[in-house]
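Peer 1: Structure in structure tokens, see below.
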Amino acid sequence: MEQSSLMQATMAALPLILALVLLVGFKVAAKHAMPAVFAVMILVAVSYWGMEASYLAAAIVEGLFIALDILYIVFGAILLLVTLKYSGGLSSIRRHFTGISCDRRVQIIIIAWLFGCFIEGASGFGTPAAIVAPLLVAIGFPALSAVVLGLMIQSTPVTFGSLGTPIVVGLSNGLVTGFADETAKQSFLLAATVEIGLIHAIIGTFMPWLMIVISIYLFGKPEDRRKALTIAPFALFSGLSFTLPYLLTAVYLGPEFPSLVGAMAGLLIVITAVRLRFLLPRDNWDFRAKDQWPGFWSGKMAVDEPRDGGKQVGILKAWLPYLLVSVLLVLTRKQDLPIGAVLKEVKITWPDVFNTSISPSSAPLYLPGTILIIAAIFAVLLHRMPARRFVFAIKESFFTVVVAGFVLLFTVPLVRIYINSGINAQGLRSMPIVLADWAAGVFGGIWAFIAPAVGAGGAFIAGSNTVSNLMLAEFQYTVAARLGLSAVLVVALQAVGAAAGNMIAIHNVVAASAAVGLSGKEGLILRKTIIPTLYYLIFAGLLGALLSK
């Protein structure tokens, strides 16, 4: 039986190992690596798991639905940015951020971390990287740096992203047994929310500083490295400005608003501190001159102003489209308002694909892509932009997204095959559960340390904290009961790890890379984002081990 479990785990891990070897080890571009991994996944699913052709095909169709949703979001994010480039709004935003501070370290905290956390709290689903990474490129960041920072946002705020969807939907629907009634389950979820908020707050306080450290060490001059220390007090102050309101909101208001409230409070506090020069070092840091950048730092997305020149756009008018995005995201995601439910009623669906139980659907009006496109049209009208320029923006955005589209059309169906592999002729559990079950047998004695890594593995596969929780919450709950550990703690560690796993989730990396024109550099990006992911998982595991005593 032990050998059979090991064999099952090995076969389940084979596609993932191949993806890592090709992308990270051999630096193969995702457009070449992922079709190969997709072929191996089909081979394993058919030959070892015994998936029927109808379910295999249905899982692929489901993956295509999701891939198109992701591409739609990325298209909207790029369209808004490029529209602002052609309208003249982008140059105003550049000047505005330079006016707050020309120090790239401060810009990382305000734009990447705090603004990104706000977008995550409102929207989730990879939207922050798609919005923030191009914005960083627009104000002078190397594309490689921008996408790494954009992916690092996918950590602390993610568990409470999209108004708490990973908890409200992921954990709530992932936990199916062990509760006397719905009231008992809700009490459990609120207790888990507090544990999640505490663990994230401790680790997340250091994330802004880690973002700066990684940026300086990877993209700065060797002599600049001391500047990672001089900014440390301000970076930790900025981290606390987000995590303390975040934690208090999790304790007193539940899972819907911690990321939103933490980000709004953090923006207010940090921008005020910058104005007052509170804790700011006397030195300044910037990237080296652009003509000294290695070629692989830059993407193919052009963010320079068009040569025919644009009129001056006031800073309020320049920011209004992004403010509109923020407001619409909050209004459409708030569950006690009817707007989101109305938008979700417009669906493209394929029920019972090929006579299976898989019924993929898409609600295009509810997707952030629609909100971003509305904001782009709003910018055209507000900035009185000529129609021909908007046509240029649409064409430029479309061709940028096409490159990512090819990769995602393999990557996301691969993930859906993986998740749906539990429907098979062999009676085997799904591949993620097989891997997690094997890990529980091997690492049971230190499960509180390992639990976050299991959650991260689920997110690495699925590209989603919510889906990882749906797949693995019940498993984590059962293992905790078997080992005599606190189920609340272990489920909380699952959710924290699943948030961290978003930093290395393959289709998140592909989408963020496309947003800055870096398609083909996915392996290079993964080698960078594995650093903060390991930081998160190691410290979450240590906190889990400490709290389990």
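Scheme for the structure tokens: letters A, B, ... for chains in order shown; per-chain residue numbers from 1; ligand numbers from 1 in order shown.
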Please provide as JSON, numbers by chain all residues within 10 Å of Leu543 (chain A), with the sequence filter that same-chain residues fewer than 6 positions apart are discarded (counting only C-alpha atoms).

Peer 2: {"A": [198, 199, 202, 203, 448, 449, 493, 537]}

Peer 1: Print the selection's residues with N, CA, C and O atoms to a file, as a short mmCIF file (atom, residue, chain, number, x, y, z; two decimals), in the first residue's frame.

Peer 2:
data_model
loop_
_atom_site.label_atom_id
_atom_site.label_comp_id
_atom_site.auth_asym_id
_atom_site.auth_seq_id
_atom_site.Cartn_x
_atom_site.Cartn_y
_atom_site.Cartn_z
N LEU A 198 -3.96 37.08 12.18
CA LEU A 198 -2.78 37.18 13.05
C LEU A 198 -1.51 36.72 12.33
O LEU A 198 -0.48 37.41 12.34
N ILE A 199 -1.57 35.55 11.69
CA ILE A 199 -0.39 35.00 11.01
C ILE A 199 0.03 35.90 9.86
O ILE A 199 1.21 36.24 9.70
N ILE A 202 1.65 39.25 11.12
CA ILE A 202 3.04 39.13 11.59
C ILE A 202 4.00 39.03 10.41
O ILE A 202 5.00 39.75 10.33
N ILE A 203 3.68 38.17 9.46
CA ILE A 203 4.57 37.96 8.32
C ILE A 203 4.48 39.14 7.35
O ILE A 203 5.49 39.62 6.83
N ALA A 448 1.93 21.00 11.40
CA ALA A 448 1.67 22.43 11.56
C ALA A 448 2.69 23.26 10.78
O ALA A 448 2.38 24.36 10.34
N PHE A 449 3.89 22.72 10.62
CA PHE A 449 4.92 23.41 9.83
C PHE A 449 4.69 23.21 8.33
O PHE A 449 4.95 24.10 7.52
N LEU A 493 -3.70 27.88 8.52
CA LEU A 493 -2.40 27.75 7.85
C LEU A 493 -2.57 27.37 6.39
O LEU A 493 -1.80 27.80 5.53
N LEU A 537 6.28 30.92 3.52
CA LEU A 537 5.94 29.56 3.96
C LEU A 537 6.75 29.12 5.17
O LEU A 537 6.23 28.46 6.07
#

Peer 1: Could you give me, as a Markdown table, every region 239-341 of chain A residue with an atom at most 7 Å from region 220-232 of chain A, plus its closest atom pair and distance in Å to one decimal, counting only C-alpha atoms, rows ordered by chain then number?

Peer 2:
| residue | atom | partner | partner_atom | distance |
| --- | --- | --- | --- | --- |
| A:Leu280 | CA | A:Ile231 | CA | 6.8 |
| A:Pro281 | CA | A:Thr230 | CA | 5.9 |
| A:Phe287 | CA | A:Gly220 | CA | 5.8 |
| A:Arg288 | CA | A:Gly220 | CA | 6.8 |

Peer 1: Tell me which protein, DNA and RNA residues are within 9 Å of Ser172 (chain A), counting only C-alpha atoms, leaving out same-chain ones fewer than 3 positions away, and put them as a list of chain:residue names.

Peer 2: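 Answer for this query is A:Pro166, A:Ile167, A:Val168, A:Val169, A:Leu175, A:Val176, A:Lys185, A:Gln186, A:Leu189, A:Asn469, A:Leu470, A:Ala473.
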
Peer 1: From a DSSP calculation on the backbone, collect every residue of region 381-475 of chain A in helix (DSSP H, G or I) and output the set as an NGL selection string.

Peer 2: :A and (381-382 or 387-420 or 431-462 or 465-475)

Peer 1: Calculated over only C-alpha atoms, which of the candidates A:Ile109, A:Leu18, A:Ile153, A:Ala58 has the smallest distance to Ala130 (chain A)?

Peer 2: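 Closest to Ala130 (chain A), using only C-alpha atoms: A:Ile153.
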